[in-house]
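Visitor: What follows is the file start-v7.cif, containing mmCIF, C-alpha atoms:
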data_data
loop_
_atom_site.label_atom_id
_atom_site.label_comp_id
_atom_site.auth_asym_id
_atom_site.auth_seq_id
_atom_site.Cartn_x
_atom_site.Cartn_y
_atom_site.Cartn_z
CA MET N 1 -77.31 -49.76 -124.15
CA THR N 2 -75.33 -48.06 -121.40
CA ILE N 3 -74.93 -49.90 -118.08
CA ASN N 4 -72.80 -49.91 -114.96
CA VAL N 5 -69.85 -52.32 -115.27
CA ARG N 6 -71.09 -54.06 -112.12
CA PHE N 7 -74.38 -54.88 -113.88
CA ILE N 8 -72.67 -56.79 -116.72
CA ASP N 9 -73.22 -60.25 -115.25
CA GLU N 10 -76.97 -59.69 -114.97
CA VAL N 11 -77.19 -58.49 -118.57
CA GLN N 12 -75.26 -61.57 -119.67
CA ARG N 13 -77.86 -63.68 -117.88
CA VAL N 14 -80.66 -61.89 -119.71
CA HIS N 15 -78.85 -62.54 -122.99
CA GLY N 16 -78.43 -66.23 -122.11
CA HIS N 17 -82.17 -66.65 -121.34
CA ALA N 18 -83.10 -64.89 -124.57
CA LYS N 19 -80.77 -67.11 -126.58
CA ALA N 20 -82.15 -70.26 -124.93
CA THR N 21 -85.74 -69.34 -125.81
CA GLY N 22 -85.13 -67.84 -129.26
CA VAL N 23 -86.11 -64.35 -128.18
CA SER N 24 -84.80 -61.07 -129.56
CA VAL N 25 -84.55 -58.58 -126.71
CA TYR N 26 -84.92 -54.91 -127.68
CA ILE N 27 -83.43 -52.58 -125.08
CA THR N 28 -85.66 -49.51 -124.81
CA ASP N 29 -83.90 -47.85 -121.86
CA SER N 30 -80.79 -48.37 -119.73
CA TYR N 31 -78.62 -45.71 -118.02
CA ARG N 32 -80.41 -42.39 -117.61
CA PRO N 33 -77.98 -39.47 -117.55
CA PRO N 34 -78.26 -36.36 -115.33
CA GLY N 35 -81.22 -34.16 -116.21
CA THR N 36 -83.49 -37.04 -117.24
CA ASN N 37 -87.01 -35.92 -116.31
CA TYR N 38 -88.91 -39.20 -116.36
CA GLY N 39 -89.03 -42.35 -114.24
CA ALA N 40 -88.80 -42.82 -110.48
CA GLY N 41 -86.83 -40.35 -108.38
CA MET N 42 -84.28 -42.93 -107.22
CA SER N 43 -84.52 -45.25 -110.21
CA ARG N 44 -81.74 -47.81 -110.66
CA HIS N 45 -81.59 -46.64 -114.26
CA LYS N 46 -79.87 -43.47 -113.04
CA VAL N 47 -76.95 -45.48 -111.70
CA GLY N 48 -76.84 -47.98 -114.56
CA PHE N 49 -78.24 -51.01 -112.71
CA ALA N 50 -81.40 -51.62 -114.77
CA ILE N 51 -82.69 -52.07 -118.31
CA ASP N 52 -86.12 -51.77 -119.93
CA MET N 53 -86.90 -54.07 -122.83
CA ASN N 54 -89.42 -55.61 -125.21
CA ALA N 55 -89.17 -59.30 -126.05
CA ASN N 56 -90.00 -60.57 -129.53
CA GLY N 57 -92.31 -57.60 -130.09
CA CYS N 58 -94.15 -58.19 -126.82
CA ASN N 59 -94.50 -54.81 -125.09
CA ALA N 60 -95.52 -53.75 -121.56
CA ASP N 61 -99.20 -54.65 -122.01
CA CYS N 62 -98.33 -57.98 -123.60
CA MET N 63 -95.86 -58.88 -120.83
CA CYS N 64 -98.14 -57.76 -118.02
CA ARG N 65 -99.25 -61.34 -117.39
CA VAL N 66 -97.68 -64.74 -117.93
CA PRO N 67 -98.42 -66.68 -120.01
CA THR N 68 -98.31 -63.99 -122.69
CA ARG N 69 -99.76 -64.28 -126.18
CA VAL N 70 -96.22 -64.96 -127.50
CA ALA N 71 -94.96 -68.43 -126.51
CA SER N 72 -91.26 -67.59 -126.77
CA THR N 73 -91.71 -64.46 -124.63
CA THR N 74 -93.55 -66.54 -122.03
CA ALA N 75 -90.65 -69.00 -121.87
CA PHE N 76 -88.15 -66.12 -121.61
CA LEU N 77 -90.00 -64.40 -118.74
CA ARG N 78 -90.38 -67.66 -116.84
CA ARG N 79 -86.63 -68.17 -117.02
CA ILE N 80 -86.06 -64.60 -115.82
CA MET N 81 -88.36 -65.20 -112.81
CA ALA N 82 -86.52 -68.44 -112.00
CA ASP N 83 -83.09 -66.78 -112.11
CA PRO N 84 -81.85 -66.06 -108.53
CA GLN N 85 -79.87 -63.03 -109.71
CA LEU N 86 -82.54 -61.22 -111.75
CA TRP N 87 -85.59 -59.23 -110.71
CA TRP N 88 -88.29 -58.72 -113.32
CA GLY N 89 -90.71 -55.87 -112.54
CA GLY N 90 -93.74 -57.95 -113.56
CA ASP N 91 -92.94 -60.86 -111.23
CA PRO N 92 -96.13 -61.47 -109.17
CA ALA N 93 -93.99 -62.57 -106.21
CA ARG N 94 -92.15 -59.21 -106.17
CA PRO N 95 -93.97 -56.77 -108.47
CA ILE N 96 -92.56 -53.31 -109.01
CA PRO N 97 -95.62 -50.99 -108.81
CA TRP N 98 -94.93 -48.67 -111.71
CA THR N 99 -97.58 -48.23 -114.42
CA VAL N 100 -96.38 -48.77 -117.98
CA GLY N 101 -99.05 -48.65 -120.67
CA SER N 102 -102.13 -50.34 -119.20
CA CYS N 103 -100.04 -52.54 -116.88
CA THR N 104 -99.80 -51.52 -113.23
CA ARG N 105 -96.51 -53.38 -112.85
CA ASP N 106 -93.18 -52.43 -114.46
CA SER N 107 -93.36 -55.34 -116.88
CA VAL N 108 -90.56 -54.05 -119.15
CA HIS N 109 -88.04 -53.62 -116.32
CA ILE N 110 -85.19 -55.96 -115.29
CA GLN N 111 -82.68 -55.26 -112.53
CA SER N 112 -80.47 -57.24 -110.17
CA ARG N 113 -81.90 -58.79 -107.01
CA ASN N 114 -78.80 -57.73 -105.08
CA TYR N 115 -78.12 -54.03 -105.50
CA GLU N 116 -74.36 -53.65 -105.43
CA ALA N 117 -74.43 -49.89 -104.95
CA GLY N 118 -76.23 -50.51 -101.66
CA SER N 119 -76.83 -47.44 -99.55
CA ASN N 120 -74.32 -45.44 -101.61
CA TYR N 121 -76.92 -44.46 -104.22
CA ASN N 122 -76.25 -40.72 -104.02
CA GLY N 123 -72.49 -41.21 -104.23
CA GLU N 124 -72.85 -43.51 -107.23
CA LEU N 125 -75.25 -41.07 -108.87
CA SER N 126 -72.83 -38.15 -108.43
CA CYS N 127 -69.80 -40.08 -109.60
CA LEU N 128 -71.46 -41.43 -112.74
CA GLY N 129 -72.92 -38.01 -113.51
CA ASN N 130 -69.46 -36.42 -113.39
CA GLU N 131 -67.98 -39.15 -115.61
CA TYR N 132 -70.84 -38.82 -118.08
CA ARG N 133 -70.49 -35.05 -118.37
CA ALA N 134 -66.72 -35.41 -118.79
CA GLY N 135 -67.22 -37.89 -121.62
CA ARG N 136 -65.28 -40.66 -119.91
CA PHE N 137 -67.81 -43.46 -120.43
CA ARG N 138 -66.17 -46.39 -122.26
CA THR N 139 -67.53 -48.70 -124.94
CA PHE N 140 -66.73 -52.39 -124.74
CA SER N 141 -68.15 -55.82 -125.54
CA CYS N 142 -68.06 -59.11 -123.69
CA PRO N 143 -69.00 -62.72 -124.49
CA SER N 144 -72.19 -64.35 -123.25
CA LEU N 145 -71.59 -66.77 -120.38
CA ALA N 146 -74.21 -69.49 -120.74
CA THR N 147 -73.01 -71.21 -117.57
CA LEU N 148 -74.55 -68.39 -115.54
CA ASN N 149 -77.98 -69.86 -116.31
CA ASP N 150 -77.31 -73.20 -114.56
CA GLU N 151 -78.76 -71.95 -111.28
CA ILE N 152 -82.35 -71.89 -112.47
CA ASP N 153 -84.68 -74.87 -112.01
CA LEU N 154 -85.81 -75.67 -115.54
CA ALA N 155 -88.20 -78.38 -114.30
CA ASN N 156 -90.44 -75.87 -112.54
CA LEU N 157 -90.67 -73.12 -115.16
CA GLU N 158 -94.37 -73.83 -115.80
CA ASN N 159 -95.09 -72.74 -112.22
CA TYR N 160 -93.96 -69.19 -112.93
CA ASN N 161 -97.11 -67.34 -113.90
CA ALA N 162 -98.37 -63.83 -113.35
CA ASP N 163 -102.06 -64.73 -113.73
CA ASP N 164 -103.02 -64.06 -110.12
CA ALA N 165 -104.50 -61.35 -107.90
CA THR N 166 -101.58 -59.05 -108.58
CA GLU N 167 -101.95 -59.08 -112.34
CA GLY N 168 -102.08 -55.83 -114.30
CA MET N 169 -105.00 -54.22 -116.04
CA LEU N 170 -106.98 -56.03 -118.71
CA ASP N 171 -106.05 -55.50 -122.33
CA ALA N 172 -108.32 -53.57 -124.71
CA GLY N 173 -110.12 -56.69 -126.00
CA GLU N 174 -110.91 -57.91 -122.50
CA GLN N 175 -112.13 -54.47 -121.44
CA ALA N 176 -114.40 -54.27 -124.51
CA GLY N 177 -115.81 -57.71 -123.75
CA ILE N 178 -116.61 -56.72 -120.18
CA ALA N 179 -118.25 -53.47 -121.35
CA ILE N 180 -120.47 -55.38 -123.80
CA GLY N 181 -121.38 -57.85 -121.08
CA VAL N 182 -122.40 -55.02 -118.74
CA ILE N 183 -124.59 -53.44 -121.45
CA VAL N 184 -126.32 -56.76 -122.14
CA ALA N 185 -126.87 -57.33 -118.41
CA VAL N 186 -128.42 -53.87 -117.98
CA ALA N 187 -130.70 -54.47 -120.98
CA LEU N 188 -131.88 -57.77 -119.48
CA ILE N 189 -132.60 -56.10 -116.13
CA VAL N 190 -134.63 -53.35 -117.83
CA ALA N 191 -136.58 -55.98 -119.79
CA LEU N 192 -137.30 -57.88 -116.57
CA VAL N 193 -138.57 -54.72 -114.83
CA VAL N 194 -140.87 -53.92 -117.76
CA PHE N 195 -142.16 -57.49 -117.74
CA CYS N 196 -142.93 -57.29 -114.01
CA ILE N 197 -144.81 -54.00 -114.45
CA VAL N 198 -146.92 -55.44 -117.26
CA ARG N 199 -147.47 -58.61 -115.26
CA ARG N 200 -148.96 -56.64 -112.36
CA ARG N 201 -151.70 -55.40 -114.71
CA THR N 202 -152.90 -58.91 -115.53
CA ASP N 203 -155.00 -61.49 -113.71
CA ASP N 204 -153.76 -64.88 -112.54
CA ASP N 205 -154.05 -66.33 -116.05
CA GLY N 206 -151.97 -63.56 -117.53
CA VAL N 207 -154.87 -61.96 -119.43
CA VAL N 208 -155.97 -58.37 -118.97
CA MET N 209 -159.62 -58.41 -117.81
CA PRO N 210 -161.55 -55.22 -118.57
CA ASN N 211 -165.23 -55.06 -117.59
CA THR N 212 -167.97 -56.18 -119.96
CA TYR N 213 -168.94 -52.68 -121.07
CA TYR N 214 -165.37 -51.79 -121.99
CA LYS N 215 -164.92 -55.03 -123.92
CA ALA N 216 -168.14 -54.54 -125.86
CA GLU N 217 -167.28 -51.00 -126.83
CA LYS N 218 -163.75 -51.97 -127.91
CA ASP N 219 -165.07 -54.83 -130.02
CA ASP N 220 -167.58 -52.54 -131.73
CA THR N 221 -164.91 -49.80 -132.08
CA VAL N 222 -167.69 -47.22 -131.84
CA GLY N 223 -167.39 -44.27 -129.51
CA ALA N 224 -165.27 -46.10 -126.96
CA SER N 225 -163.51 -42.99 -125.70
CA GLU N 226 -166.78 -41.09 -125.32
CA ASN N 227 -168.50 -43.91 -123.48
CA PHE N 228 -165.76 -43.88 -120.89
CA GLY N 229 -166.16 -40.26 -119.90
CA ASN N 230 -167.47 -39.61 -116.37
CA ASN N 231 -171.00 -38.79 -117.51
CA ALA N 232 -171.45 -41.84 -119.71
CA LEU N 233 -170.21 -44.23 -117.01
CA VAL N 234 -172.21 -42.96 -114.03
CA SER N 235 -175.15 -45.06 -112.92
CA SER N 236 -177.72 -43.93 -110.40
CA GLY N 237 -176.37 -43.56 -106.89
CA VAL N 238 -172.69 -44.35 -107.72
CA PRO N 239 -170.12 -41.52 -107.55
CA ALA N 240 -168.35 -40.77 -110.84
CA THR N 241 -164.86 -41.24 -109.38
CA TYR N 242 -165.65 -44.88 -108.60
CA SER N 243 -167.68 -45.68 -111.68
CA GLY N 244 -166.79 -48.51 -114.03
CA ARG N 245 -170.21 -49.06 -115.59
CA SER N 246 -172.80 -47.17 -117.54
CA SER N 247 -176.51 -46.99 -117.03
CA GLY N 248 -178.04 -50.36 -117.80
CA ALA N 249 -174.67 -52.16 -118.10
CA ALA N 250 -173.41 -54.41 -115.32
CA ALA N 251 -169.84 -53.80 -114.14
CA GLU N 252 -167.57 -56.82 -114.02
CA TYR N 253 -165.88 -55.90 -110.70
CA THR N 254 -168.42 -54.35 -108.26
CA CYS N 255 -168.17 -53.96 -104.50
CA ALA N 256 -170.93 -55.94 -102.76
CA ASP N 257 -170.89 -53.55 -99.79
CA CYS N 258 -171.18 -50.13 -101.43
CA GLY N 259 -171.85 -50.79 -105.10
CA LYS N 260 -168.73 -49.11 -106.41
CA SER N 261 -167.36 -50.78 -109.53
CA TYR N 262 -163.99 -51.03 -111.26
CA GLN N 263 -162.55 -52.07 -114.58
CA TYR N 264 -159.91 -54.33 -113.00
CA ALA N 265 -160.08 -56.91 -110.22
CA ASP N 266 -156.94 -55.50 -108.53
CA ASP N 267 -158.64 -52.13 -108.15
CA LEU N 268 -161.62 -53.74 -106.42
CA VAL N 269 -159.35 -55.66 -104.04
CA THR N 270 -157.50 -52.46 -103.15
CA HIS N 271 -160.81 -50.64 -102.59
CA ARG N 272 -162.07 -53.31 -100.21
CA GLU N 273 -158.79 -53.34 -98.27
CA LEU N 274 -158.90 -49.56 -97.84
CA ARG N 275 -162.66 -49.04 -97.27
CA HIS N 276 -164.14 -52.22 -95.83
CA SER N 277 -161.36 -54.00 -93.95
CA PRO N 278 -161.82 -54.22 -90.13
#
Kindly present the structure from the file in structure tokens form.

Guide:
Amino acid sequence: MTINVRFIDEVQRVHGHAKATGVSVYITDSYRPPGTNYGAGMSRHKVGFAIDMNANGCNADCMCRVPTRVASTTAFLRRIMADPQLWWGGDPARPIPWTVGSCTRDSVHIQSRNYEAGSNYNGELSCLGNEYRAGRFRTFSCPSLATLNDEIDLANLENYNADDATEGMLDAGEQAGIAIGVIVAVALIVALVVFCIVRRRTDDDGVVMPNTYYKAEKDDTVGASENFGNNALVSSGVPATYSGRSSGAAAEYTCADCGKSYQYADDLVTHRELRHSP
């Protein structure tokens, strides 16, 4: 990785937390040289004060919430959140709103809480750009200083979680589960609506009640459709549009006031409400 020399202490802290939790940290991005066309406009990467990483194979989606599915990564991120010098982009107390993968927080990003470049960002950017183009960047190594980790409160690490209202998007499995749940719910609602429609066509006992003539014809299965034409169902003095009986056959639901008959009790009730109510 390539970092600003004034960011060395923070990187040593990251290394110490990784070592304490048995995590291998893979640096995926550090200093971004002039001409880099991705990331935020004034990203700390461009002045060497930030790194992006994966931890024990746990990527942005995996690290979007704590606890993660990898126990060692969870322990590592909790230590990072407890460190007073480090700022993790996925920390729910101070999330960095930058979408990576399906996570709406910059869960791969670590920077310092105190930005040493301060308000001199443009000057730092220009200076480092000139040094980079001139090939004057230096390579060096330094030992890990485990004592830098003493400031964190190890007793309260379990309290550092990102499972709250600021958490990132759901992973693919969770999204699929929700989608299936929605489909099942819609199917149940449709079934309930169909049931209610069918229920409205039944009497109080839940049994469809056609008139006697209809029942007889259906039982005999002879000429049922013909017998229910207008001509076959009209009896003397009853208009065809209201007829539910044939000549010589008593209708099951007949209006006592006007003699009009119906196949279903609900139809007779509706007729009386519309024609004979005060």

Visitor: Show which residues sit within 10 Å of Tyr115 of chain N, as number ranges by chain. Count only C-alpha atoms, and ignore same-chain residues fewer than 5 positions away.

Guide: N: 6-7, 44, 49, 121

Visitor: Which of these residues is nearest to His45 of chain N, using only C-alpha atoms: N:Met1, N:Ala256, N:Val182, N:Leu154?

Guide: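 Closest to His45 of chain N of all the choices is N:Met1.
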
Visitor: Could you state the separation of atom CA of Gly177 of chain N and atom CA of Ala75 of chain N in Å, given to one decimal place?

Guide: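 Answer for the atom CA of Gly177 of chain N to atom CA of Ala75 of chain N separation: 27.6 Å.
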
Visitor: Go through N:Ile152, N:Val184, N:Val108, N:Ile3 and flag the residue nearest Ala60 of chain N, using all atoms listed in the file for the distances.

Guide: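 Ranking N:Ile152, N:Val184, N:Val108, N:Ile3 by distance to Ala60 of chain N, first place goes to N:Val108.
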
Visitor: To one decimal in Å, tell me the separation between atom CA of His276 of chain N and atom CA of Gly259 of chain N.

Guide: 12.1 Å

Visitor: Pull the closest atom pair for each residue of segment 43-62 of chain N that gets at most 12 Å from segment 80-95 of chain N, along with the distance in Å to one decimal, counting all atoms listed in the file, ordering rows by chain and then ascending residue number, as JSON lines.

Guide:
{"residue": "N:Phe49", "atom": "CA", "partner": "N:Leu86", "partner_atom": "CA", "distance": 11.1}
{"residue": "N:Ala50", "atom": "CA", "partner": "N:Trp87", "partner_atom": "CA", "distance": 9.6}
{"residue": "N:Ile51", "atom": "CA", "partner": "N:Trp88", "partner_atom": "CA", "distance": 10.0}
{"residue": "N:Asp52", "atom": "CA", "partner": "N:Gly89", "partner_atom": "CA", "distance": 9.6}
{"residue": "N:Met53", "atom": "CA", "partner": "N:Trp88", "partner_atom": "CA", "distance": 10.7}
{"residue": "N:Ala55", "atom": "CA", "partner": "N:Ile80", "partner_atom": "CA", "distance": 11.9}
{"residue": "N:Asn59", "atom": "CA", "partner": "N:Gly90", "partner_atom": "CA", "distance": 12.0}
{"residue": "N:Ala60", "atom": "CA", "partner": "N:Gly90", "partner_atom": "CA", "distance": 9.2}
{"residue": "N:Asp61", "atom": "CA", "partner": "N:Gly90", "partner_atom": "CA", "distance": 10.6}
{"residue": "N:Cys62", "atom": "CA", "partner": "N:Gly90", "partner_atom": "CA", "distance": 11.0}

Visitor: So the first atom is atom CA of Gly129 of chain N and the second is atom CA of Gln12 of chain N; what is the distance between them in Å, to one decimal place?

Guide: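 Computing the Euclidean distance for atom CA of Gly129 of chain N and atom CA of Gln12 of chain N yields 24.5 Å.
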
Visitor: Since I can't run it myself right now, could you work out what the PyMOL selection byres ((chain N and resi 64) around 9) selects here and report it as a PDB file with C-alpha atoms, keeping the file's coordinate frame?

Guide:
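Wrote it out as expr.pdb, contents follow:
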ATOM      1  CA  ASN N  59     -94.500 -54.810-125.090  1.00  0.00           C
ATOM      2  CA  ALA N  60     -95.520 -53.750-121.560  1.00  0.00           C
ATOM      3  CA  ASP N  61     -99.200 -54.650-122.010  1.00  0.00           C
ATOM      4  CA  CYS N  62     -98.330 -57.980-123.600  1.00  0.00           C
ATOM      5  CA  MET N  63     -95.860 -58.880-120.830  1.00  0.00           C
ATOM      6  CA  ARG N  65     -99.250 -61.340-117.390  1.00  0.00           C
ATOM      7  CA  VAL N  66     -97.680 -64.740-117.930  1.00  0.00           C
ATOM      8  CA  THR N  68     -98.310 -63.990-122.690  1.00  0.00           C
ATOM      9  CA  GLY N  90     -93.740 -57.950-113.560  1.00  0.00           C
ATOM     10  CA  SER N 102    -102.130 -50.340-119.200  1.00  0.00           C
ATOM     11  CA  CYS N 103    -100.040 -52.540-116.880  1.00  0.00           C
ATOM     12  CA  THR N 104     -99.800 -51.520-113.230  1.00  0.00           C
ATOM     13  CA  ARG N 105     -96.510 -53.380-112.850  1.00  0.00           C
ATOM     14  CA  ASP N 106     -93.180 -52.430-114.460  1.00  0.00           C
ATOM     15  CA  SER N 107     -93.360 -55.340-116.880  1.00  0.00           C
ATOM     16  CA  VAL N 108     -90.560 -54.050-119.150  1.00  0.00           C
ATOM     17  CA  ALA N 162     -98.370 -63.830-113.350  1.00  0.00           C
ATOM     18  CA  GLU N 167    -101.950 -59.080-112.340  1.00  0.00           C
ATOM     19  CA  GLY N 168    -102.080 -55.830-114.300  1.00  0.00           C
ATOM     20  CA  MET N 169    -105.000 -54.220-116.040  1.00  0.00           C
TER      21      MET N 169
END

Visitor: Near Leu128 of chain N, within 9 Å and counting only C-alpha atoms, which residues show up once chain neighbours fewer than 2 positions away are dropped, as a list in words?

Guide: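 These residues fall inside the cut-off: Asn4, Pro33, Pro34, Lys46, Val47, Gly48, Gly123, Glu124, Leu125, Ser126, Asn130, Glu131, Tyr132, Arg133 and Phe137 of chain N.
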
Visitor: Which of these residues is nearest to Gly22 of chain N, using all atoms listed in the file: N:Ser141, N:Asn56, N:Gln111, N:Ser43?

Guide: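 Closest to Gly22 of chain N, using all atoms listed in the file: N:Asn56.
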